[in-house]
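S.K.: Please find target08.cif (mmCIF, C-alpha atoms) on the next line:
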data_data
#
loop_
_atom_site.label_atom_id
_atom_site.label_comp_id
_atom_site.auth_asym_id
_atom_site.auth_seq_id
_atom_site.Cartn_x
_atom_site.Cartn_y
_atom_site.Cartn_z
CA MET G 1 15.84 -20.06 -11.51
CA ASP G 2 12.32 -20.61 -10.22
CA PRO G 3 11.95 -18.37 -7.14
CA PHE G 4 9.48 -20.86 -5.65
CA ASP G 5 12.06 -23.65 -5.83
CA ALA G 6 12.52 -25.07 -2.36
CA GLY G 7 16.21 -25.62 -3.00
CA ALA G 8 18.95 -23.43 -1.63
CA GLY G 9 18.14 -19.79 -2.21
CA GLY G 10 14.54 -20.50 -3.18
CA LEU G 11 11.61 -18.53 -1.86
CA LEU G 12 10.73 -21.19 0.70
CA ARG G 13 14.22 -21.60 2.17
CA GLN G 14 14.94 -18.33 3.91
CA PRO G 15 16.59 -17.41 7.21
CA LYS G 16 14.43 -16.86 10.28
CA ALA G 17 15.17 -13.13 10.07
CA VAL G 18 13.51 -12.95 6.65
CA TRP G 19 10.42 -14.84 7.78
CA ALA G 20 10.14 -12.67 10.89
CA THR G 21 10.29 -9.49 8.81
CA ALA G 22 7.92 -10.86 6.17
CA GLY G 23 5.45 -11.98 8.82
CA ALA G 24 5.45 -8.56 10.45
CA SER G 25 5.02 -7.06 6.97
CA VAL G 26 1.84 -9.09 6.47
CA VAL G 27 0.40 -7.59 9.65
CA ALA G 28 1.55 -4.09 8.64
CA PHE G 29 -0.26 -4.36 5.30
CA MET G 30 -3.29 -5.81 7.08
CA GLY G 31 -3.57 -2.46 8.84
CA ILE G 32 -4.40 -0.72 5.56
CA GLY G 33 -7.60 -2.66 4.89
CA LEU G 34 -8.39 -3.59 8.49
CA VAL G 35 -10.98 -0.85 8.98
CA ASP G 36 -12.84 -1.49 5.71
CA PRO G 37 -15.52 -3.90 7.01
CA ILE G 38 -16.06 -1.89 10.19
CA LEU G 39 -16.33 1.63 8.73
CA PRO G 40 -20.14 1.64 9.01
CA SER G 41 -19.87 0.15 12.53
CA ILE G 42 -17.42 2.87 13.57
CA ALA G 43 -19.71 5.53 12.15
CA GLN G 44 -22.63 4.09 14.11
CA GLY G 45 -20.63 3.53 17.30
CA LEU G 46 -19.19 7.05 17.35
CA ASN G 47 -22.27 8.76 15.87
CA ALA G 48 -20.25 10.01 12.88
CA THR G 49 -20.85 10.59 9.18
CA ALA G 50 -19.18 8.66 6.37
CA SER G 51 -16.95 11.62 5.51
CA GLN G 52 -15.81 11.92 9.13
CA VAL G 53 -14.97 8.23 9.41
CA SER G 54 -13.15 8.30 6.07
CA LEU G 55 -10.63 10.61 7.71
CA LEU G 56 -9.19 7.40 9.21
CA PHE G 57 -7.65 6.79 5.80
CA THR G 58 -6.85 10.45 5.10
CA SER G 59 -4.87 11.02 8.30
CA TYR G 60 -3.12 7.67 7.91
CA PHE G 61 -1.92 8.26 4.36
CA LEU G 62 -1.21 11.97 4.72
CA ILE G 63 1.25 11.17 7.48
CA THR G 64 2.57 8.27 5.40
CA ALA G 65 3.25 10.60 2.46
CA PHE G 66 5.32 13.04 4.52
CA ALA G 67 7.01 10.17 6.35
CA MET G 68 8.49 9.06 3.03
CA LEU G 69 10.88 11.99 3.31
CA VAL G 70 11.91 10.89 6.79
CA THR G 71 12.27 7.11 6.60
CA GLY G 72 15.45 7.09 4.51
CA PHE G 73 16.90 9.86 6.68
CA VAL G 74 16.22 7.79 9.80
CA SER G 75 17.22 4.33 8.54
CA SER G 76 20.49 5.57 7.02
CA ARG G 77 21.47 6.84 10.48
CA ILE G 78 20.18 4.28 12.97
CA GLY G 79 20.10 1.20 10.70
CA GLY G 80 17.32 -0.96 9.28
CA ARG G 81 16.70 -3.11 12.35
CA ARG G 82 16.23 -0.18 14.70
CA THR G 83 14.01 1.59 12.17
CA LEU G 84 11.79 -1.50 11.92
CA LEU G 85 11.53 -1.75 15.69
CA LEU G 86 10.78 1.97 16.03
CA GLY G 87 8.01 1.68 13.44
CA LEU G 88 6.55 -1.41 15.13
CA ALA G 89 6.60 0.32 18.50
CA PHE G 90 4.62 3.26 17.07
CA VAL G 91 2.04 0.91 15.56
CA VAL G 92 1.63 -1.08 18.79
CA VAL G 93 1.06 2.08 20.84
CA PHE G 94 -1.22 3.95 18.44
CA ALA G 95 -3.25 0.93 17.26
CA GLY G 96 -3.91 0.12 20.91
CA LEU G 97 -4.88 3.72 21.66
CA ALA G 98 -7.18 3.74 18.61
CA GLY G 99 -9.21 0.97 20.24
CA THR G 100 -9.82 3.20 23.27
CA SER G 101 -11.06 6.19 21.26
CA GLY G 102 -14.14 8.00 22.49
CA SER G 103 -14.61 10.19 19.43
CA VAL G 104 -13.81 10.30 15.73
CA ALA G 105 -11.27 13.07 16.35
CA GLU G 106 -9.33 10.87 18.77
CA LEU G 107 -9.50 7.89 16.42
CA VAL G 108 -8.27 9.97 13.47
CA GLY G 109 -5.39 11.32 15.53
CA PHE G 110 -4.31 7.89 16.74
CA ARG G 111 -4.61 6.55 13.19
CA ALA G 112 -2.17 9.28 12.07
CA GLY G 113 0.40 8.08 14.62
CA TRP G 114 -0.21 4.55 13.37
CA GLY G 115 0.51 5.78 9.83
CA LEU G 116 3.89 7.16 10.89
CA GLY G 117 4.86 3.85 12.46
CA ASN G 118 3.65 1.87 9.49
CA ALA G 119 5.63 4.08 7.10
CA LEU G 120 8.83 3.60 9.10
CA PHE G 121 8.31 -0.15 9.15
CA VAL G 122 7.01 -0.91 5.66
CA SER G 123 9.38 1.41 3.83
CA THR G 124 12.33 -0.33 5.49
CA ALA G 125 11.07 -3.92 5.39
CA LEU G 126 12.00 -4.65 1.77
CA ALA G 127 15.51 -3.33 2.31
CA VAL G 128 15.91 -5.66 5.27
CA ILE G 129 14.41 -8.64 3.44
CA VAL G 130 16.69 -8.11 0.44
CA GLY G 131 19.71 -7.77 2.70
CA ALA G 132 18.95 -10.92 4.70
CA ALA G 133 17.36 -13.15 2.04
CA ALA G 134 18.97 -16.14 0.36
CA GLY G 135 18.70 -16.33 -3.43
CA GLY G 136 19.15 -12.68 -4.35
CA SER G 137 16.75 -9.78 -4.75
CA ALA G 138 14.29 -11.59 -7.08
CA ALA G 139 13.18 -14.08 -4.40
CA ALA G 140 13.21 -11.34 -1.76
CA ILE G 141 11.00 -8.97 -3.75
CA LEU G 142 8.60 -11.80 -4.57
CA LEU G 143 8.37 -12.65 -0.88
CA TYR G 144 7.68 -9.00 -0.08
CA GLU G 145 4.97 -8.80 -2.76
CA SER G 146 3.45 -11.98 -1.35
CA ALA G 147 3.37 -10.40 2.11
CA LEU G 148 1.68 -7.34 0.61
CA GLY G 149 -1.01 -9.42 -1.09
CA LEU G 150 -1.61 -11.66 1.92
CA GLY G 151 -1.85 -8.68 4.24
CA MET G 152 -4.27 -6.80 1.99
CA ALA G 153 -6.42 -9.94 1.75
CA CYS G 154 -6.40 -10.83 5.45
CA GLY G 155 -6.84 -7.29 6.81
CA PRO G 156 -10.55 -7.04 5.92
CA LEU G 157 -11.11 -10.61 7.11
CA LEU G 158 -9.57 -9.91 10.51
CA GLY G 159 -11.48 -6.65 10.71
CA ALA G 160 -14.73 -8.51 10.03
CA VAL G 161 -14.14 -11.34 12.51
CA LEU G 162 -13.08 -9.10 15.38
CA GLY G 163 -15.26 -6.17 14.37
CA ASN G 164 -18.43 -8.25 14.45
CA ALA G 165 -18.15 -8.22 18.24
CA SER G 166 -16.95 -4.63 18.56
CA TRP G 167 -15.36 -2.12 16.22
CA ARG G 168 -12.64 -1.65 18.86
CA TYR G 169 -11.32 -5.22 18.76
CA PRO G 170 -9.55 -5.05 15.36
CA PHE G 171 -7.36 -2.24 16.68
CA PHE G 172 -6.44 -4.21 19.80
CA GLY G 173 -5.82 -7.28 17.64
CA THR G 174 -3.43 -5.38 15.38
CA ALA G 175 -1.54 -4.00 18.38
CA PHE G 176 -1.12 -7.54 19.73
CA LEU G 177 0.07 -8.99 16.40
CA MET G 178 2.54 -6.18 15.85
CA ALA G 179 3.88 -6.70 19.39
CA VAL G 180 4.52 -10.33 18.41
CA GLY G 181 6.29 -9.06 15.27
CA PHE G 182 8.39 -6.74 17.45
CA LEU G 183 9.52 -9.69 19.59
CA CYS G 184 10.28 -11.86 16.53
CA ILE G 185 12.42 -9.20 14.87
CA THR G 186 14.18 -8.50 18.16
CA ALA G 187 15.01 -12.19 18.49
CA PHE G 188 15.86 -13.18 14.91
CA LEU G 189 17.05 -10.11 12.98
CA LYS G 190 20.61 -8.89 13.38
CA GLU G 191 21.56 -5.34 12.55
CA GLN G 192 22.70 -4.86 8.96
CA PRO G 193 25.46 -2.53 7.79
CA LYS G 194 24.40 1.08 7.44
CA PRO G 195 24.52 2.67 3.96
CA ALA G 196 27.83 4.25 3.01
CA ARG G 197 26.04 7.55 2.36
CA ARG G 198 23.42 9.10 4.60
CA THR G 199 20.16 10.16 2.99
CA SER G 200 19.09 13.79 3.41
CA LEU G 201 15.48 14.96 3.75
CA LEU G 202 15.62 16.66 0.34
CA ASP G 203 17.13 13.78 -1.65
CA PRO G 204 13.73 12.25 -2.55
CA ILE G 205 12.46 15.63 -3.80
CA LYS G 206 15.60 16.12 -5.90
CA ALA G 207 15.15 12.63 -7.38
CA LEU G 208 11.79 13.71 -8.81
CA GLY G 209 13.70 15.99 -11.17
CA HIS G 210 14.19 12.90 -13.33
CA GLY G 211 11.46 12.89 -15.99
CA GLY G 212 10.82 9.17 -15.90
CA LEU G 213 10.46 8.98 -12.13
CA ALA G 214 8.28 12.10 -12.04
CA SER G 215 6.05 10.61 -14.76
CA ALA G 216 5.67 7.34 -12.86
CA ALA G 217 4.81 9.25 -9.67
CA VAL G 218 2.22 11.47 -11.37
CA SER G 219 0.57 8.51 -13.09
CA ALA G 220 0.56 6.59 -9.80
CA PHE G 221 -1.00 9.61 -8.08
CA PHE G 222 -4.07 9.43 -10.32
CA TYR G 223 -4.18 5.64 -10.04
CA ASN G 224 -4.05 5.77 -6.24
CA TYR G 225 -7.04 8.10 -6.18
CA THR G 226 -9.01 5.37 -7.94
CA PHE G 227 -7.54 2.61 -5.76
CA PHE G 228 -8.50 4.27 -2.51
CA THR G 229 -11.92 5.34 -3.68
CA VAL G 230 -12.60 1.62 -4.02
CA LEU G 231 -10.97 0.75 -0.71
CA ALA G 232 -12.34 3.53 1.48
CA PHE G 233 -15.66 4.56 -0.07
CA THR G 234 -17.12 1.32 -1.43
CA PRO G 235 -17.86 -0.19 2.04
CA PHE G 236 -20.41 2.58 2.62
CA VAL G 237 -22.02 1.94 -0.77
CA LEU G 238 -22.20 -1.83 -0.22
CA ASN G 239 -23.62 -1.26 3.29
CA MET G 240 -23.12 -4.87 4.38
CA THR G 241 -22.51 -6.53 7.73
CA PRO G 242 -18.85 -6.73 8.83
CA TYR G 243 -18.73 -10.44 7.94
CA ARG G 244 -20.09 -9.96 4.43
CA SER G 245 -18.03 -6.86 3.76
CA GLY G 246 -14.95 -8.66 5.06
CA ALA G 247 -15.63 -11.58 2.73
CA VAL G 248 -15.95 -9.24 -0.27
CA PHE G 249 -12.66 -7.52 0.48
CA PHE G 250 -10.95 -10.79 1.31
CA ALA G 251 -11.83 -12.03 -2.18
CA TRP G 252 -10.64 -8.67 -3.51
CA GLY G 253 -7.33 -9.10 -1.67
CA VAL G 254 -6.87 -12.65 -2.94
CA LEU G 255 -7.21 -11.45 -6.54
CA LEU G 256 -4.81 -8.59 -5.75
CA ALA G 257 -2.22 -11.04 -4.43
CA VAL G 258 -2.57 -13.55 -7.28
CA PHE G 259 -2.39 -10.95 -10.04
CA SER G 260 0.43 -9.05 -8.36
CA VAL G 261 2.72 -12.03 -7.77
CA LEU G 262 1.76 -14.56 -10.46
CA VAL G 263 -0.08 -12.88 -13.33
CA ALA G 264 1.58 -9.47 -13.72
CA PRO G 265 5.14 -10.79 -14.33
CA ARG G 266 3.89 -13.13 -17.06
CA MET G 267 1.88 -10.39 -18.73
CA GLN G 268 4.86 -8.04 -18.63
CA ALA G 269 7.09 -10.66 -20.24
CA ARG G 270 4.60 -11.14 -23.07
CA PHE G 271 3.28 -7.63 -23.75
CA GLY G 272 5.71 -5.21 -22.06
CA SER G 273 5.27 -3.25 -18.85
CA LEU G 274 3.79 -0.05 -20.27
CA LYS G 275 1.17 -1.80 -22.43
CA VAL G 276 0.14 -3.91 -19.47
CA LEU G 277 -0.04 -0.89 -17.16
CA GLY G 278 -1.97 1.29 -19.60
CA GLY G 279 -4.46 -1.45 -20.42
CA SER G 280 -4.96 -2.38 -16.77
CA LEU G 281 -5.62 1.25 -15.82
CA VAL G 282 -8.26 1.63 -18.53
CA LEU G 283 -9.94 -1.62 -17.48
CA LEU G 284 -9.87 -0.51 -13.85
CA GLY G 285 -11.58 2.73 -14.88
CA ALA G 286 -14.30 0.81 -16.71
CA ASP G 287 -14.75 -1.55 -13.77
CA VAL G 288 -15.13 1.31 -11.29
CA LEU G 289 -17.65 3.06 -13.55
CA VAL G 290 -19.81 -0.07 -13.72
CA LEU G 291 -19.42 -0.45 -9.95
CA GLY G 292 -20.86 3.01 -9.44
CA TYR G 293 -23.91 2.53 -11.65
CA GLY G 294 -24.68 -1.18 -11.19
CA ASP G 295 -27.04 -2.82 -8.75
CA HIS G 296 -25.82 -4.27 -5.46
CA THR G 297 -24.71 -7.61 -6.90
CA THR G 298 -22.88 -5.86 -9.74
CA ALA G 299 -21.15 -3.57 -7.24
CA VAL G 300 -19.94 -6.57 -5.23
CA VAL G 301 -18.61 -8.33 -8.34
CA CYS G 302 -16.87 -5.20 -9.62
CA THR G 303 -15.33 -4.53 -6.21
CA VAL G 304 -13.81 -8.00 -6.15
CA LEU G 305 -12.72 -7.78 -9.80
CA SER G 306 -10.94 -4.48 -9.19
CA GLY G 307 -8.43 -6.40 -7.06
CA ALA G 308 -7.06 -8.05 -10.21
CA PHE G 309 -6.34 -4.74 -11.94
CA ILE G 310 -4.95 -3.20 -8.76
CA GLY G 311 -2.60 -6.16 -8.28
CA VAL G 312 -1.21 -5.78 -11.80
CA ASN G 313 -0.81 -2.02 -11.40
CA ASN G 314 0.98 -2.32 -8.06
CA THR G 315 3.63 -4.64 -9.47
CA VAL G 316 4.33 -2.58 -12.59
CA TYR G 317 4.43 0.74 -10.75
CA THR G 318 6.84 -0.68 -8.17
CA GLU G 319 9.24 -1.83 -10.88
CA LEU G 320 9.03 1.52 -12.68
CA ALA G 321 9.77 3.43 -9.49
CA LEU G 322 12.81 1.26 -8.76
CA GLY G 323 14.30 1.11 -12.24
CA VAL G 324 13.36 4.16 -14.27
CA SER G 325 15.79 6.72 -12.85
CA ASP G 326 19.48 6.94 -11.98
CA ALA G 327 18.76 7.75 -8.32
CA PRO G 328 19.54 5.14 -5.65
CA ARG G 329 16.56 2.88 -5.12
CA PRO G 330 15.78 4.07 -1.57
CA VAL G 331 15.78 7.70 -2.69
CA ALA G 332 13.78 7.12 -5.90
CA SER G 333 11.19 5.08 -4.04
CA ALA G 334 10.80 7.70 -1.32
CA GLY G 335 10.21 10.47 -3.87
CA TYR G 336 7.74 8.34 -5.82
CA ASN G 337 5.79 7.36 -2.71
CA PHE G 338 5.80 10.92 -1.40
CA VAL G 339 3.78 11.98 -4.46
CA ARG G 340 1.44 9.04 -4.83
CA TRP G 341 0.32 8.70 -1.21
CA PHE G 342 -1.23 12.18 -1.32
CA ALA G 343 -3.91 10.71 -3.58
CA ALA G 344 -4.49 7.91 -1.06
CA ALA G 345 -5.10 10.62 1.52
CA ALA G 346 -7.34 12.68 -0.80
CA ALA G 347 -9.70 10.00 -2.13
CA PRO G 348 -11.21 8.87 1.22
CA PHE G 349 -11.88 12.52 2.10
CA PHE G 350 -13.31 13.74 -1.21
CA ALA G 351 -15.36 10.70 -2.26
CA PRO G 352 -17.99 10.98 0.51
CA LYS G 353 -17.94 14.78 0.21
CA ILE G 354 -18.64 14.52 -3.51
CA GLU G 355 -21.52 12.16 -2.76
CA GLU G 356 -22.96 14.73 -0.34
CA TRP G 357 -22.67 17.45 -3.00
CA SER G 358 -24.09 15.33 -5.83
CA ASN G 359 -25.08 11.66 -5.67
CA VAL G 360 -23.56 8.23 -5.03
CA HIS G 361 -22.56 7.72 -8.69
CA ILE G 362 -20.31 10.74 -9.17
CA PRO G 363 -17.43 9.65 -6.86
CA PHE G 364 -17.04 6.55 -9.03
CA VAL G 365 -17.20 8.59 -12.24
CA ILE G 366 -14.33 10.72 -10.95
CA ALA G 367 -12.41 7.60 -9.88
CA ALA G 368 -12.88 6.13 -13.36
CA VAL G 369 -11.58 9.35 -14.92
CA THR G 370 -8.50 9.43 -12.70
CA ALA G 371 -7.63 5.86 -13.69
CA VAL G 372 -7.83 6.82 -17.36
CA VAL G 373 -5.76 9.96 -16.71
CA GLY G 374 -3.11 7.70 -15.20
CA ALA G 375 -3.12 5.67 -18.41
CA VAL G 376 -2.85 8.83 -20.51
CA VAL G 377 0.22 9.90 -18.54
CA VAL G 378 1.78 6.50 -19.24
CA PHE G 379 1.06 6.85 -22.97
CA VAL G 380 2.25 10.45 -23.31
CA ARG G 381 5.39 9.87 -21.26
CA ARG G 382 6.14 6.36 -22.60
CA ASP G 383 9.58 7.36 -23.93
CA ALA G 384 10.72 8.58 -20.52
CA LEU G 385 9.19 5.57 -18.78
CA ASN G 386 10.79 3.12 -21.20
CA HIS G 387 14.23 4.18 -20.01
CA LYS G 388 15.36 1.20 -17.97
CA ALA G 389 18.98 2.28 -17.48
CA GLU G 390 20.45 -1.18 -17.89
CA GLU G 391 23.83 0.02 -16.77
CA LEU G 392 22.28 0.73 -13.38
CA GLU G 393 21.28 -2.86 -12.75
CA THR G 394 24.72 -3.83 -11.44
CA ARG G 395 24.72 -0.82 -9.18
CA HIS G 396 21.19 -1.45 -7.92
CA ALA G 397 21.88 -5.14 -7.34
CA ALA G 398 24.71 -4.17 -5.01
CA GLU G 399 22.56 -1.67 -3.14
CA ASP G 400 20.83 -3.85 -0.59
CA GLY G 401 19.37 -0.66 0.86
CA VAL G 402 16.19 -0.94 -1.19
CA THR G 403 13.28 1.07 0.11
CA VAL G 404 9.81 0.78 -1.35
CA LEU G 405 6.25 1.03 -0.13
CA ALA G 406 4.54 -1.25 -2.56
CA GLY G 407 0.81 -1.53 -3.38
#
Could you quickly redo this structure as structure tokens?
M.R.:
Amino acid sequence: MDPFDAGAGGLLRQPKAVWATAGASVVAFMGIGLVDPILPSIAQGLNATASQVSLLFTSYFLITAFAMLVTGFVSSRIGGRRTLLLGLAFVVVFAGLAGTSGSVAELVGFRAGWGLGNALFVSTALAVIVGAAAGGSAAAILLYESALGLGMACGPLLGAVLGNASWRYPFFGTAFLMAVGFLCITAFLKEQPKPARRTSLLDPIKALGHGGLASAAVSAFFYNYTFFTVLAFTPFVLNMTPYRSGAVFFAWGVLLAVFSVLVAPRMQARFGSLKVLGGSLVLLGADVLVLGYGDHTTAVVCTVLSGAFIGVNNTVYTELALGVSDAPRPVASAGYNFVRWFAAAAAPFFAPKIEEWSNVHIPFVIAAVTAVVGAVVVFVRRDALNHKAEELETRHAAEDGVTVLAG
């Protein structure tokens, strides 16, 4: 069945609860790239260095990584709807406070609280969408991936439009949009049944004992270092106005969305997931290397082009995390994300530091190497990653408690 079919159960015919959750998910993912176009403006406005401002990403994703151990614990006890609302409430409060910051330290601290709220919301959103969607998990996951791509594309654009007036406005704008999402979910989403078994804080760590899941997480760790070097460090290298930087990362996000939702599934069907993933990682490494050594125009083109490879990688990694082990999907996803988000926290911190210690090219050389290392892990561990556990599909299909932080 075509998931885009507008007939019953198609992607476009979903209950209001699904659209409310998906809409709020778009805004949540917008928060990841929102600060990209305004990083130089924040540095100027708060008299801070690039490495200090990059801590906005580090604090956000460090908290997100640890929150992966908590989200399943919380949602299995208070339910998906309440977890979503709790996460949204955190984002509204801390995004609003971020706009009032008088120093980088305050902004970094508020961004950490924002990261906790975003983790609670995003990690639960897919579970809720799958549970409430018509047409089964395929249409629900596609809708979620579409929300991811749209949010990653629109975040830099919103940051540019609002940030051109003041770097504070994008934070206030996000708080307002998430408040609207809070009201929509309150009005349209009913509470879903709680899981039969409560998730403990250690379950995600235990799940990483599975070789296939551990391999996917380690490979994704190296990949995420590359991903977030592009996302968090490149704006300083491009050194463009908020509007121009926002346009570059909007184009980047559009490619990410198109290749994640439309291109990656077709490539997987033709070549196989691991070949596609390995090849995409190597190409991403080459792209980032050229980005680091090219002139300004080349850097812009390579930044946009990287969105295509990142979109493919996001889709394949998500499927591996959900299907490679015998752990329940919420638990496997939490363990996988716990590992990989540490790289998202590390890259924004180390990339500008490495530039200070060496030159502007070396952070991209290291990012290119980490992408290739991710591909090597896929190749060396291909037997473990090829284990799809077909007998688990029936079990997973019945588990509407799917938890994943995609992208």
S.K.: Going by the chain IDs and residue numbers used in this file, which residues fall under the PyMOL selection byres ((chain G and resi 348) around 8)? Write them as a list in words.
M.R.: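 Applied to this file, the PyMOL selection byres ((chain G and resi 348) around 8) selects Ser51, Ser54, Leu55, Phe57, Thr58, Phe228, Thr229, Ala232, Phe233, Ala344, Ala345, Ala346, Ala347, Phe349, Phe350, Ala351 and Pro352 of chain G.
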S.K.: Produce a file of the selected residues containing C-alpha atoms, as a compact mmCIF listing (two decimals), in the frame of the given file.
M.R.:
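Saved to out04.txt:
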# COMPACT_ATOMS: atom_id res chain seq x y z
CA SER G 51 -16.95 11.62 5.51
CA SER G 54 -13.15 8.30 6.07
CA LEU G 55 -10.63 10.61 7.71
CA PHE G 57 -7.65 6.79 5.80
CA THR G 58 -6.85 10.45 5.10
CA PHE G 228 -8.50 4.27 -2.51
CA THR G 229 -11.92 5.34 -3.68
CA ALA G 232 -12.34 3.53 1.48
CA PHE G 233 -15.66 4.56 -0.07
CA ALA G 344 -4.49 7.91 -1.06
CA ALA G 345 -5.10 10.62 1.52
CA ALA G 346 -7.34 12.68 -0.80
CA ALA G 347 -9.70 10.00 -2.13
CA PHE G 349 -11.88 12.52 2.10
CA PHE G 350 -13.31 13.74 -1.21
CA ALA G 351 -15.36 10.70 -2.26
CA PRO G 352 -17.99 10.98 0.51
S.K.: Take atom CA of Val372 of chain G and atom CA of Gly335 of chain G and report the distance between them in Å, one decimal.
M.R.: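 Separation of atom CA of Val372 of chain G and atom CA of Gly335 of chain G: 22.8 Å.
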S.K.: Using all atoms listed in the file, can you list as an mmCIF file with C-alpha atoms, in the frame of the given file the residues within 12 Å of (8.9, 8.1, -11.1)?
M.R.:
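Wrote selection-v3.cif, looks like this:
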data_model
loop_
_atom_site.group_PDB
_atom_site.id
_atom_site.type_symbol
_atom_site.label_atom_id
_atom_site.label_comp_id
_atom_site.auth_asym_id
_atom_site.auth_seq_id
_atom_site.Cartn_x
_atom_site.Cartn_y
_atom_site.Cartn_z
ATOM 1 C CA PRO G 204 13.730 12.250 -2.550
ATOM 2 C CA ILE G 205 12.460 15.630 -3.800
ATOM 3 C CA LYS G 206 15.600 16.120 -5.900
ATOM 4 C CA ALA G 207 15.150 12.630 -7.380
ATOM 5 C CA LEU G 208 11.790 13.710 -8.810
ATOM 6 C CA GLY G 209 13.700 15.990 -11.170
ATOM 7 C CA HIS G 210 14.190 12.900 -13.330
ATOM 8 C CA GLY G 211 11.460 12.890 -15.990
ATOM 9 C CA GLY G 212 10.820 9.170 -15.900
ATOM 10 C CA LEU G 213 10.460 8.980 -12.130
ATOM 11 C CA ALA G 214 8.280 12.100 -12.040
ATOM 12 C CA SER G 215 6.050 10.610 -14.760
ATOM 13 C CA ALA G 216 5.670 7.340 -12.860
ATOM 14 C CA ALA G 217 4.810 9.250 -9.670
ATOM 15 C CA VAL G 218 2.220 11.470 -11.370
ATOM 16 C CA SER G 219 0.570 8.510 -13.090
ATOM 17 C CA ALA G 220 0.560 6.590 -9.800
ATOM 18 C CA PHE G 221 -1.000 9.610 -8.080
ATOM 19 C CA VAL G 316 4.330 -2.580 -12.590
ATOM 20 C CA TYR G 317 4.430 0.740 -10.750
ATOM 21 C CA THR G 318 6.840 -0.680 -8.170
ATOM 22 C CA GLU G 319 9.240 -1.830 -10.880
ATOM 23 C CA LEU G 320 9.030 1.520 -12.680
ATOM 24 C CA ALA G 321 9.770 3.430 -9.490
ATOM 25 C CA LEU G 322 12.810 1.260 -8.760
ATOM 26 C CA GLY G 323 14.300 1.110 -12.240
ATOM 27 C CA VAL G 324 13.360 4.160 -14.270
ATOM 28 C CA SER G 325 15.790 6.720 -12.850
ATOM 29 C CA ASP G 326 19.480 6.940 -11.980
ATOM 30 C CA ALA G 327 18.760 7.750 -8.320
ATOM 31 C CA ARG G 329 16.560 2.880 -5.120
ATOM 32 C CA VAL G 331 15.780 7.700 -2.690
ATOM 33 C CA ALA G 332 13.780 7.120 -5.900
ATOM 34 C CA SER G 333 11.190 5.080 -4.040
ATOM 35 C CA ALA G 334 10.800 7.700 -1.320
ATOM 36 C CA GLY G 335 10.210 10.470 -3.870
ATOM 37 C CA TYR G 336 7.740 8.340 -5.820
ATOM 38 C CA ASN G 337 5.790 7.360 -2.710
ATOM 39 C CA PHE G 338 5.800 10.920 -1.400
ATOM 40 C CA VAL G 339 3.780 11.980 -4.460
ATOM 41 C CA ARG G 340 1.440 9.040 -4.830
ATOM 42 C CA VAL G 377 0.220 9.900 -18.540
ATOM 43 C CA VAL G 378 1.780 6.500 -19.240
ATOM 44 C CA ARG G 381 5.390 9.870 -21.260
ATOM 45 C CA ARG G 382 6.140 6.360 -22.600
ATOM 46 C CA ALA G 384 10.720 8.580 -20.520
ATOM 47 C CA LEU G 385 9.190 5.570 -18.780
ATOM 48 C CA ASN G 386 10.790 3.120 -21.200
ATOM 49 C CA HIS G 387 14.230 4.180 -20.010
ATOM 50 C CA LYS G 388 15.360 1.200 -17.970
#
S.K.: Could you state which residues are captured by the PyMOL selection byres ((chain G and resi 286) around 12) in this file, as a VMD selection string?
M.R.: chain G and resid 226 279 to 285 287 to 294 302 to 303 305 to 306 309 364 to 372
S.K.: Please produce an output containing C-alpha atoms for each residue in the selection, written as a PDB file, in the coordinates of the input.
M.R.:
ATOM      1  CA  THR G 226      -9.010   5.370  -7.940  1.00  0.00           C
ATOM      2  CA  GLY G 279      -4.460  -1.450 -20.420  1.00  0.00           C
ATOM      3  CA  SER G 280      -4.960  -2.380 -16.770  1.00  0.00           C
ATOM      4  CA  LEU G 281      -5.620   1.250 -15.820  1.00  0.00           C
ATOM      5  CA  VAL G 282      -8.260   1.630 -18.530  1.00  0.00           C
ATOM      6  CA  LEU G 283      -9.940  -1.620 -17.480  1.00  0.00           C
ATOM      7  CA  LEU G 284      -9.870  -0.510 -13.850  1.00  0.00           C
ATOM      8  CA  GLY G 285     -11.580   2.730 -14.880  1.00  0.00           C
ATOM      9  CA  ASP G 287     -14.750  -1.550 -13.770  1.00  0.00           C
ATOM     10  CA  VAL G 288     -15.130   1.310 -11.290  1.00  0.00           C
ATOM     11  CA  LEU G 289     -17.650   3.060 -13.550  1.00  0.00           C
ATOM     12  CA  VAL G 290     -19.810  -0.070 -13.720  1.00  0.00           C
ATOM     13  CA  LEU G 291     -19.420  -0.450  -9.950  1.00  0.00           C
ATOM     14  CA  GLY G 292     -20.860   3.010  -9.440  1.00  0.00           C
ATOM     15  CA  TYR G 293     -23.910   2.530 -11.650  1.00  0.00           C
ATOM     16  CA  GLY G 294     -24.680  -1.180 -11.190  1.00  0.00           C
ATOM     17  CA  CYS G 302     -16.870  -5.200  -9.620  1.00  0.00           C
ATOM     18  CA  THR G 303     -15.330  -4.530  -6.210  1.00  0.00           C
ATOM     19  CA  LEU G 305     -12.720  -7.780  -9.800  1.00  0.00           C
ATOM     20  CA  SER G 306     -10.940  -4.480  -9.190  1.00  0.00           C
ATOM     21  CA  PHE G 309      -6.340  -4.740 -11.940  1.00  0.00           C
ATOM     22  CA  PHE G 364     -17.040   6.550  -9.030  1.00  0.00           C
ATOM     23  CA  VAL G 365     -17.200   8.590 -12.240  1.00  0.00           C
ATOM     24  CA  ILE G 366     -14.330  10.720 -10.950  1.00  0.00           C
ATOM     25  CA  ALA G 367     -12.410   7.600  -9.880  1.00  0.00           C
ATOM     26  CA  ALA G 368     -12.880   6.130 -13.360  1.00  0.00           C
ATOM     27  CA  VAL G 369     -11.580   9.350 -14.920  1.00  0.00           C
ATOM     28  CA  THR G 370      -8.500   9.430 -12.700  1.00  0.00           C
ATOM     29  CA  ALA G 371      -7.630   5.860 -13.690  1.00  0.00           C
ATOM     30  CA  VAL G 372      -7.830   6.820 -17.360  1.00  0.00           C
TER      31      VAL G 372
END
